[in-house]
Amino acid sequence: MLFSAATVASLLAATSASPLLRRQGGGSGLPKNATIPEGSATNETYQVVQDTYNGTSLNTPVFESVPQYYNQTFNSTNEPYGGASLIYGNPTKNGTNTTLAYAHQPAGGLLINKPTYTTKTNFDFQSLNLALNQEHIELDLFNNGLARFSTQDFEDAGLNADDRFIIEHMAVQEIGHSILISNMLGVDRSAKMCSYQYPYNNVREFITFCQLLTRFGEAGVYGFLNQLDSRPAAQLLLQSITTEARQQMIFRQLQGLPAQPEWFETGLPQSYAWTMLSPFIKSCPENNPRIEWANFPALNITNQPDVFQGTPGINSNYTLTSGSGRLVTFEFEQPGKVTGYDDLYVTSTVTKNPPKFAAFIGQLNVSYAPLMNVTNNTASAYVPESFVFYDQPQVVNTVFVSLVDEMQALTPYNLSMINNHTVAGPTWYFAS
């Protein structure tokens, strides 16, 4: 696949609207002949990096590790922890299937000998079009926060030069992601950068919004990735969205939240991702391709748990007041509101029924809570006590909530069927 020089140039130029703050002070080490970065305090000292490192290449095993319950057999009544009977012991049969296409190649699979990294259907195009708009706003967002707030603002929030540098690096990653998707869509018809509007006024709010945006950006791709008609395009998109998953975790660390309390990541339908993204895109070039996913009526949680008290770090071990049994209060809009960039979209729903349940979407599950006090576009519900496996809570990390008219038994692959029953939302809920 060839990368267009014009695309590269336009994306690089786009970053100049929000100038990057260059690395300042507090570094973890500089070479012996390095100079102090411009803007650093003169009294800062830097660790000298040694010329050589006498370490191991980690190529040769040097010891054996035997799990505590290796080759022991359990059943559901004597498990040391839930699921142990599925992990330890000896299978009841040898399940090896020796049917091979050729040597060391199991029969099956969907290999394409000469892959073409382009869209095959309109479903592909509109899915990647949405993903590209997501990558563009992330590129602008990361640069905007770095340019808007001073070094002292970041320091006051507990974020040093290394923290600012990783945000700057993540902005550069978004250039690569945007170029990738632009090339798969076709550089002559792919969306270009828009203008944006953001809901933060300080560094902590900036970091929190970055975590939210990367969270639903990541989830919005997982929801359609394996449904793309173009498997080659899906492969490349997978290799970019896994980077975004790492970005989301880093922003949780910068917030001072538990880095990865979940066991599985969450997938969302495209219309859910677009509903959450669209309020932050203000205006776009007139030739940008229209995003043909639904905008559902807005949903707002009026009693979000407080996520601004953490101390930035690799991980933290505390629980927010957002576990099962907590009462959550909602406000929601009626359909028919003009929304989206340049007022080109109108919120709508397929169902004509009133909302009856709050759907909590997280990890592999959709759990429902009956709505209470549904009146004047407000409602409330208790966070359900639901589990992924055994005692692993479903509602952790930043989960997604929508209001629906009925309960459906949905799994990650067919979650888009929730669209036809969505009355309002989704929105995010801070759980940990």
# chains A, B, ... in the order shown; residues from 1 in each chain; ligands from 1
call {"tool": "select_by_dssp", "arguments": {"residues": "stretch 287-423 of chain A", "states": "helix (DSSP H, G or I)", "output": "ChimeraX atom specification"}}
result
/A:341-343,412-421
call {"tool": "write_last_selection", "arguments": {"atoms": "C-alpha atoms", "output": "PDB file, in the first residue's frame"}}
result
ATOM      1  CA  TYR A 341     -21.143  19.341  12.861  1.00  0.00           C
ATOM      2  CA  ASP A 342     -22.540  22.235  10.847  1.00  0.00           C
ATOM      3  CA  ASP A 343     -26.027  21.221  12.067  1.00  0.00           C
ATOM      4  CA  PRO A 412     -20.453  -8.741  21.542  1.00  0.00           C
ATOM      5  CA  TYR A 413     -20.801  -9.851  17.915  1.00  0.00           C
ATOM      6  CA  ASN A 414     -24.475  -8.913  17.523  1.00  0.00           C
ATOM      7  CA  LEU A 415     -24.568  -5.916  19.849  1.00  0.00           C
ATOM      8  CA  SER A 416     -25.636  -3.623  17.003  1.00  0.00           C
ATOM      9  CA  MET A 417     -29.118  -5.155  17.324  1.00  0.00           C
ATOM     10  CA  ILE A 418     -29.522  -2.884  20.360  1.00  0.00           C
ATOM     11  CA  ASN A 419     -29.863   0.064  17.942  1.00  0.00           C
ATOM     12  CA  ASN A 420     -33.479  -0.771  17.132  1.00  0.00           C
ATOM     13  CA  HIS A 421     -34.416  -0.600  20.814  1.00  0.00           C
TER      14      HIS A 421
END
call {"tool": "residues_around", "arguments": {"residues": "stretch 231-243 of chain A", "least_positions_apart": "5", "cutoff": "8 Å", "atoms": "only C-alpha atoms", "output": "list in words"}}
result
Pro115, Thr116, Tyr117, Thr118, Thr119, His177, Leu180, Ile181, Met184, Glu218, Val221, Leu225 and Asn226 of chain A
call {"tool": "write_last_selection", "arguments": {"atoms": "N, CA and C atoms", "output": "mmCIF file, in the first residue's frame"}}
result
data_model
loop_
_atom_site.group_PDB
_atom_site.id
_atom_site.type_symbol
_atom_site.label_atom_id
_atom_site.label_comp_id
_atom_site.auth_asym_id
_atom_site.auth_seq_id
_atom_site.Cartn_x
_atom_site.Cartn_y
_atom_site.Cartn_z
ATOM 1 N N PRO A 115 -3.441 -9.423 -0.763
ATOM 2 C CA PRO A 115 -4.467 -8.576 -0.142
ATOM 3 C C PRO A 115 -4.473 -7.165 -0.719
ATOM 4 N N THR A 116 -5.648 -6.580 -0.785
ATOM 5 C CA THR A 116 -5.833 -5.191 -1.168
ATOM 6 C C THR A 116 -6.408 -4.450 0.021
ATOM 7 N N TYR A 117 -5.690 -3.467 0.500
ATOM 8 C CA TYR A 117 -6.066 -2.781 1.735
ATOM 9 C C TYR A 117 -6.986 -1.606 1.428
ATOM 10 N N THR A 118 -8.160 -1.940 0.910
ATOM 11 C CA THR A 118 -9.158 -0.935 0.575
ATOM 12 C C THR A 118 -10.513 -1.421 1.060
ATOM 13 N N THR A 119 -11.496 -0.539 0.969
ATOM 14 C CA THR A 119 -12.856 -0.912 1.352
ATOM 15 C C THR A 119 -13.508 -1.703 0.227
ATOM 16 N N HIS A 177 -2.108 6.958 12.318
ATOM 17 C CA HIS A 177 -3.414 6.306 12.213
ATOM 18 C C HIS A 177 -4.269 6.989 11.143
ATOM 19 N N LEU A 180 -3.046 6.095 7.664
ATOM 20 C CA LEU A 180 -3.408 4.713 7.347
ATOM 21 C C LEU A 180 -4.838 4.623 6.826
ATOM 22 N N ILE A 181 -5.781 5.180 7.573
ATOM 23 C CA ILE A 181 -7.190 5.064 7.185
ATOM 24 C C ILE A 181 -7.475 5.892 5.942
ATOM 25 N N MET A 184 -6.640 3.825 2.989
ATOM 26 C CA MET A 184 -7.578 2.733 2.741
ATOM 27 C C MET A 184 -8.885 3.256 2.147
ATOM 28 N N GLU A 218 -11.877 3.459 20.969
ATOM 29 C CA GLU A 218 -11.435 2.066 20.971
ATOM 30 C C GLU A 218 -12.628 1.123 20.882
ATOM 31 N N VAL A 221 -14.466 0.790 17.487
ATOM 32 C CA VAL A 221 -13.840 -0.027 16.448
ATOM 33 C C VAL A 221 -14.003 -1.505 16.760
ATOM 34 N N LEU A 225 -15.152 -4.378 13.917
ATOM 35 C CA LEU A 225 -13.920 -4.818 13.266
ATOM 36 C C LEU A 225 -14.096 -6.147 12.538
ATOM 37 N N ASN A 226 -14.695 -7.124 13.202
ATOM 38 C CA ASN A 226 -14.825 -8.456 12.603
ATOM 39 C C ASN A 226 -16.020 -8.580 11.675
#
call {"tool": "select_by_dssp", "arguments": {"residues": "stretch 183-407 of chain A", "states": "strand (DSSP E)", "output": "VMD selection string"}}
result
chain A and resid 195 to 196 281 to 283 299 to 301 327 to 332 338 to 339 345 to 346 357 to 362 365 to 370 372 to 375 378 to 382 398 to 404
call {"tool": "residues_around", "arguments": {"residues": "A:Pro426", "least_positions_apart": "5", "cutoff": "8 Å", "atoms": "only C-alpha atoms", "output": "ChimeraX atom specification"}}
result
/A:272,275-276,296,298-299,400-403
call {"tool": "residues_around", "arguments": {"residues": "A:Leu212", "least_positions_apart": "2", "cutoff": "10 Å", "atoms": "only C-alpha atoms", "output": "NGL selection string"}}
result
:A and (206-210 or 214-218 or 248 or 251-252 or 276 or 398-399 or 428-430)
call {"tool": "closest_residue", "arguments": {"among": "A:Pro269, A:Thr302, A:Ile175, A:Gly83", "to": "A:Thr329", "atoms": "only C-alpha atoms"}}
result
A:Thr302
call {"tool": "atom_distance", "arguments": {"atom1": "atom CA of A:Met407", "atom2": "atom CA of A:Thr266"}}
result
18.8 Å
call {"tool": "residues_around", "arguments": {"residues": "A:Gln394", "least_positions_apart": "5", "cutoff": "8 Å", "atoms": "only C-alpha atoms", "output": "list in words"}}
result
Glu262, Gly362, Gln363, Leu364, Asn365, Ser386, Phe387 and Val388 of chain A
call {"tool": "atom_distance", "arguments": {"atom1": "atom CA of A:Pro297", "atom2": "atom CA of A:Glu333"}}
result
5.3 Å
call {"tool": "closest_residue", "arguments": {"among": "A:Gln392, A:Asn71, A:Asn353, A:Gln309", "to": "A:Ile87", "atoms": "only C-alpha atoms"}}
result
A:Asn71
call {"tool": "residues_around", "arguments": {"residues": "stretch 122-139 of chain A", "least_positions_apart": "3", "cutoff": "6 Å", "atoms": "only C-alpha atoms", "output": "MDAnalysis selection string"}}
result
chainID A and resid 119 142 171 174 178 193 228
call {"tool": "atom_distance", "arguments": {"atom1": "atom CA of A:Pro384", "atom2": "atom CA of A:Gly425"}}
result
17.9 Å
call {"tool": "closest_residue", "arguments": {"among": "A:Tyr390, A:Phe154, A:Tyr222, A:Trp274", "to": "A:Gly340", "atoms": "only C-alpha atoms"}}
result
A:Trp274
call {"tool": "closest_residue", "arguments": {"among": "A:Ala424, A:Val203, A:Cys194, A:Ala259", "to": "A:Asp156", "atoms": "only C-alpha atoms"}}
result
A:Val203
call {"tool": "decode", "arguments": {"residues": "stretch 282-314 of chain A", "atoms": "N, CA, C and O atoms", "output": "PDB file, in the first residue's frame"}}
result
ATOM      1  N   LYS A 282     -17.287  20.508  15.536  1.00  0.00           N
ATOM      2  CA  LYS A 282     -18.053  21.745  15.347  1.00  0.00           C
ATOM      3  C   LYS A 282     -18.322  22.045  13.878  1.00  0.00           C
ATOM      4  O   LYS A 282     -19.452  22.365  13.481  1.00  0.00           O
ATOM      5  N   SER A 283     -17.298  21.972  13.032  1.00  0.00           N
ATOM      6  CA  SER A 283     -17.476  22.307  11.625  1.00  0.00           C
ATOM      7  C   SER A 283     -16.450  21.541  10.810  1.00  0.00           C
ATOM      8  O   SER A 283     -15.315  21.328  11.269  1.00  0.00           O
ATOM      9  N   CYS A 284     -16.845  21.124   9.591  1.00  0.00           N
ATOM     10  CA  CYS A 284     -15.960  20.321   8.748  1.00  0.00           C
ATOM     11  C   CYS A 284     -15.930  20.873   7.329  1.00  0.00           C
ATOM     12  O   CYS A 284     -16.862  21.564   6.903  1.00  0.00           O
ATOM     13  N   PRO A 285     -14.875  20.558   6.559  1.00  0.00           N
ATOM     14  CA  PRO A 285     -14.862  20.929   5.144  1.00  0.00           C
ATOM     15  C   PRO A 285     -16.097  20.383   4.438  1.00  0.00           C
ATOM     16  O   PRO A 285     -16.546  19.271   4.713  1.00  0.00           O
ATOM     17  N   GLU A 286     -16.636  21.149   3.504  1.00  0.00           N
ATOM     18  CA  GLU A 286     -17.917  20.796   2.894  1.00  0.00           C
ATOM     19  C   GLU A 286     -17.860  19.504   2.096  1.00  0.00           C
ATOM     20  O   GLU A 286     -18.896  18.835   1.913  1.00  0.00           O
ATOM     21  N   ASN A 287     -16.687  19.114   1.626  1.00  0.00           N
ATOM     22  CA  ASN A 287     -16.584  17.877   0.852  1.00  0.00           C
ATOM     23  C   ASN A 287     -16.293  16.644   1.707  1.00  0.00           C
ATOM     24  O   ASN A 287     -16.145  15.549   1.160  1.00  0.00           O
ATOM     25  N   ASN A 288     -16.193  16.813   3.019  1.00  0.00           N
ATOM     26  CA  ASN A 288     -16.033  15.638   3.859  1.00  0.00           C
ATOM     27  C   ASN A 288     -17.221  14.697   3.664  1.00  0.00           C
ATOM     28  O   ASN A 288     -18.376  15.148   3.648  1.00  0.00           O
ATOM     29  N   PRO A 289     -16.970  13.390   3.498  1.00  0.00           N
ATOM     30  CA  PRO A 289     -18.089  12.464   3.312  1.00  0.00           C
ATOM     31  C   PRO A 289     -18.989  12.424   4.549  1.00  0.00           C
ATOM     32  O   PRO A 289     -18.512  12.426   5.686  1.00  0.00           O
ATOM     33  N   ARG A 290     -20.287  12.394   4.299  1.00  0.00           N
ATOM     34  CA  ARG A 290     -21.259  12.363   5.379  1.00  0.00           C
ATOM     35  C   ARG A 290     -21.129  11.066   6.165  1.00  0.00           C
ATOM     36  O   ARG A 290     -20.879   9.995   5.599  1.00  0.00           O
ATOM     37  N   ILE A 291     -21.274  11.157   7.462  1.00  0.00           N
ATOM     38  CA  ILE A 291     -21.225   9.980   8.337  1.00  0.00           C
ATOM     39  C   ILE A 291     -22.638   9.417   8.446  1.00  0.00           C
ATOM     40  O   ILE A 291     -23.530  10.050   9.017  1.00  0.00           O
ATOM     41  N   GLU A 292     -22.853   8.232   7.897  1.00  0.00           N
ATOM     42  CA  GLU A 292     -24.198   7.688   7.783  1.00  0.00           C
ATOM     43  C   GLU A 292     -24.531   6.709   8.905  1.00  0.00           C
ATOM     44  O   GLU A 292     -25.010   5.601   8.667  1.00  0.00           O
ATOM     45  N   TRP A 293     -24.305   7.132  10.122  1.00  0.00           N
ATOM     46  CA  TRP A 293     -24.744   6.344  11.277  1.00  0.00           C
ATOM     47  C   TRP A 293     -25.745   7.177  12.074  1.00  0.00           C
ATOM     48  O   TRP A 293     -25.784   8.404  11.950  1.00  0.00           O
ATOM     49  N   ALA A 294     -26.526   6.519  12.897  1.00  0.00           N
ATOM     50  CA  ALA A 294     -27.578   7.215  13.638  1.00  0.00           C
ATOM     51  C   ALA A 294     -26.988   8.108  14.722  1.00  0.00           C
ATOM     52  O   ALA A 294     -25.954   7.795  15.320  1.00  0.00           O
ATOM     53  N   ASN A 295     -27.646   9.237  14.959  1.00  0.00           N
ATOM     54  CA  ASN A 295     -27.435  10.050  16.155  1.00  0.00           C
ATOM     55  C   ASN A 295     -28.638   9.830  17.067  1.00  0.00           C
ATOM     56  O   ASN A 295     -29.745  10.275  16.756  1.00  0.00           O
ATOM     57  N   PHE A 296     -28.443   9.133  18.167  1.00  0.00           N
ATOM     58  CA  PHE A 296     -29.535   8.925  19.106  1.00  0.00           C
ATOM     59  C   PHE A 296     -29.694  10.152  20.009  1.00  0.00           C
ATOM     60  O   PHE A 296     -28.755  10.934  20.189  1.00  0.00           O
ATOM     61  N   PRO A 297     -30.865  10.343  20.583  1.00  0.00           N
ATOM     62  CA  PRO A 297     -31.046  11.437  21.538  1.00  0.00           C
ATOM     63  C   PRO A 297     -30.030  11.354  22.676  1.00  0.00           C
ATOM     64  O   PRO A 297     -29.652  10.263  23.123  1.00  0.00           O
ATOM     65  N   ALA A 298     -29.608  12.512  23.130  1.00  0.00           N
ATOM     66  CA  ALA A 298     -28.554  12.578  24.144  1.00  0.00           C
ATOM     67  C   ALA A 298     -29.040  12.032  25.487  1.00  0.00           C
ATOM     68  O   ALA A 298     -30.215  12.181  25.856  1.00  0.00           O
ATOM     69  N   LEU A 299     -28.116  11.419  26.205  1.00  0.00           N
ATOM     70  CA  LEU A 299     -28.360  10.902  27.555  1.00  0.00           C
ATOM     71  C   LEU A 299     -27.275  11.447  28.469  1.00  0.00           C
ATOM     72  O   LEU A 299     -26.100  11.461  28.106  1.00  0.00           O
ATOM     73  N   ASN A 300     -27.668  11.903  29.646  1.00  0.00           N
ATOM     74  CA  ASN A 300     -26.711  12.462  30.592  1.00  0.00           C
ATOM     75  C   ASN A 300     -26.923  11.832  31.961  1.00  0.00           C
ATOM     76  O   ASN A 300     -28.062  11.673  32.416  1.00  0.00           O
ATOM     77  N   ILE A 301     -25.832  11.451  32.596  1.00  0.00           N
ATOM     78  CA  ILE A 301     -25.871  10.972  33.986  1.00  0.00           C
ATOM     79  C   ILE A 301     -25.588  12.154  34.890  1.00  0.00           C
ATOM     80  O   ILE A 301     -24.540  12.803  34.771  1.00  0.00           O
ATOM     81  N   THR A 302     -26.505  12.444  35.773  1.00  0.00           N
ATOM     82  CA  THR A 302     -26.412  13.673  36.570  1.00  0.00           C
ATOM     83  C   THR A 302     -25.680  13.473  37.894  1.00  0.00           C
ATOM     84  O   THR A 302     -25.469  14.451  38.615  1.00  0.00           O
ATOM     85  N   ASN A 303     -25.288  12.257  38.219  1.00  0.00           N
ATOM     86  CA  ASN A 303     -24.561  12.027  39.480  1.00  0.00           C
ATOM     87  C   ASN A 303     -23.357  11.117  39.240  1.00  0.00           C
ATOM     88  O   ASN A 303     -23.189  10.083  39.881  1.00  0.00           O
ATOM     89  N   GLN A 304     -22.514  11.516  38.286  1.00  0.00           N
ATOM     90  CA  GLN A 304     -21.304  10.754  37.996  1.00  0.00           C
ATOM     91  C   GLN A 304     -20.406  10.672  39.226  1.00  0.00           C
ATOM     92  O   GLN A 304     -20.269  11.647  39.976  1.00  0.00           O
ATOM     93  N   PRO A 305     -19.749   9.530  39.459  1.00  0.00           N
ATOM     94  CA  PRO A 305     -18.730   9.459  40.513  1.00  0.00           C
ATOM     95  C   PRO A 305     -17.576  10.423  40.224  1.00  0.00           C
ATOM     96  O   PRO A 305     -17.283  10.739  39.067  1.00  0.00           O
ATOM     97  N   ASP A 306     -16.936  10.892  41.255  1.00  0.00           N
ATOM     98  CA  ASP A 306     -15.823  11.834  41.142  1.00  0.00           C
ATOM     99  C   ASP A 306     -14.565  11.095  40.721  1.00  0.00           C
ATOM    100  O   ASP A 306     -14.145  10.147  41.378  1.00  0.00           O
ATOM    101  N   VAL A 307     -13.971  11.522  39.601  1.00  0.00           N
ATOM    102  CA  VAL A 307     -12.749  10.863  39.124  1.00  0.00           C
ATOM    103  C   VAL A 307     -11.561  11.815  39.124  1.00  0.00           C
ATOM    104  O   VAL A 307     -10.547  11.555  38.476  1.00  0.00           O
ATOM    105  N   PHE A 308     -11.660  12.920  39.845  1.00  0.00           N
ATOM    106  CA  PHE A 308     -10.607  13.933  39.781  1.00  0.00           C
ATOM    107  C   PHE A 308      -9.691  13.930  40.996  1.00  0.00           C
ATOM    108  O   PHE A 308      -8.891  14.843  41.171  1.00  0.00           O
ATOM    109  N   GLN A 309      -9.810  12.937  41.860  1.00  0.00           N
ATOM    110  CA  GLN A 309      -9.050  12.969  43.107  1.00  0.00           C
ATOM    111  C   GLN A 309      -7.807  12.094  43.097  1.00  0.00           C
ATOM    112  O   GLN A 309      -7.068  12.065  44.071  1.00  0.00           O
ATOM    113  N   GLY A 310      -7.580  11.338  42.026  1.00  0.00           N
ATOM    114  CA  GLY A 310      -6.461  10.412  42.022  1.00  0.00           C
ATOM    115  C   GLY A 310      -5.123  11.100  41.843  1.00  0.00           C
ATOM    116  O   GLY A 310      -5.025  12.218  41.333  1.00  0.00           O
ATOM    117  N   THR A 311      -4.064  10.421  42.274  1.00  0.00           N
ATOM    118  CA  THR A 311      -2.692  10.890  42.080  1.00  0.00           C
ATOM    119  C   THR A 311      -2.087  10.118  40.921  1.00  0.00           C
ATOM    120  O   THR A 311      -2.093   8.887  40.939  1.00  0.00           O
ATOM    121  N   PRO A 312      -1.570  10.794  39.891  1.00  0.00           N
ATOM    122  CA  PRO A 312      -1.027  10.085  38.733  1.00  0.00           C
ATOM    123  C   PRO A 312       0.017   9.053  39.139  1.00  0.00           C
ATOM    124  O   PRO A 312       0.853   9.289  40.019  1.00  0.00           O
ATOM    125  N   GLY A 313      -0.034   7.906  38.525  1.00  0.00           N
ATOM    126  CA  GLY A 313       0.909   6.845  38.822  1.00  0.00           C
ATOM    127  C   GLY A 313       0.666   5.661  37.916  1.00  0.00           C
ATOM    128  O   GLY A 313      -0.308   5.616  37.157  1.00  0.00           O
ATOM    129  N   ILE A 314       1.557   4.671  38.011  1.00  0.00           N
ATOM    130  CA  ILE A 314       1.433   3.489  37.168  1.00  0.00           C
ATOM    131  C   ILE A 314       0.129   2.766  37.452  1.00  0.00           C
ATOM    132  O   ILE A 314      -0.544   2.271  36.547  1.00  0.00           O
TER     133      ILE A 314
END
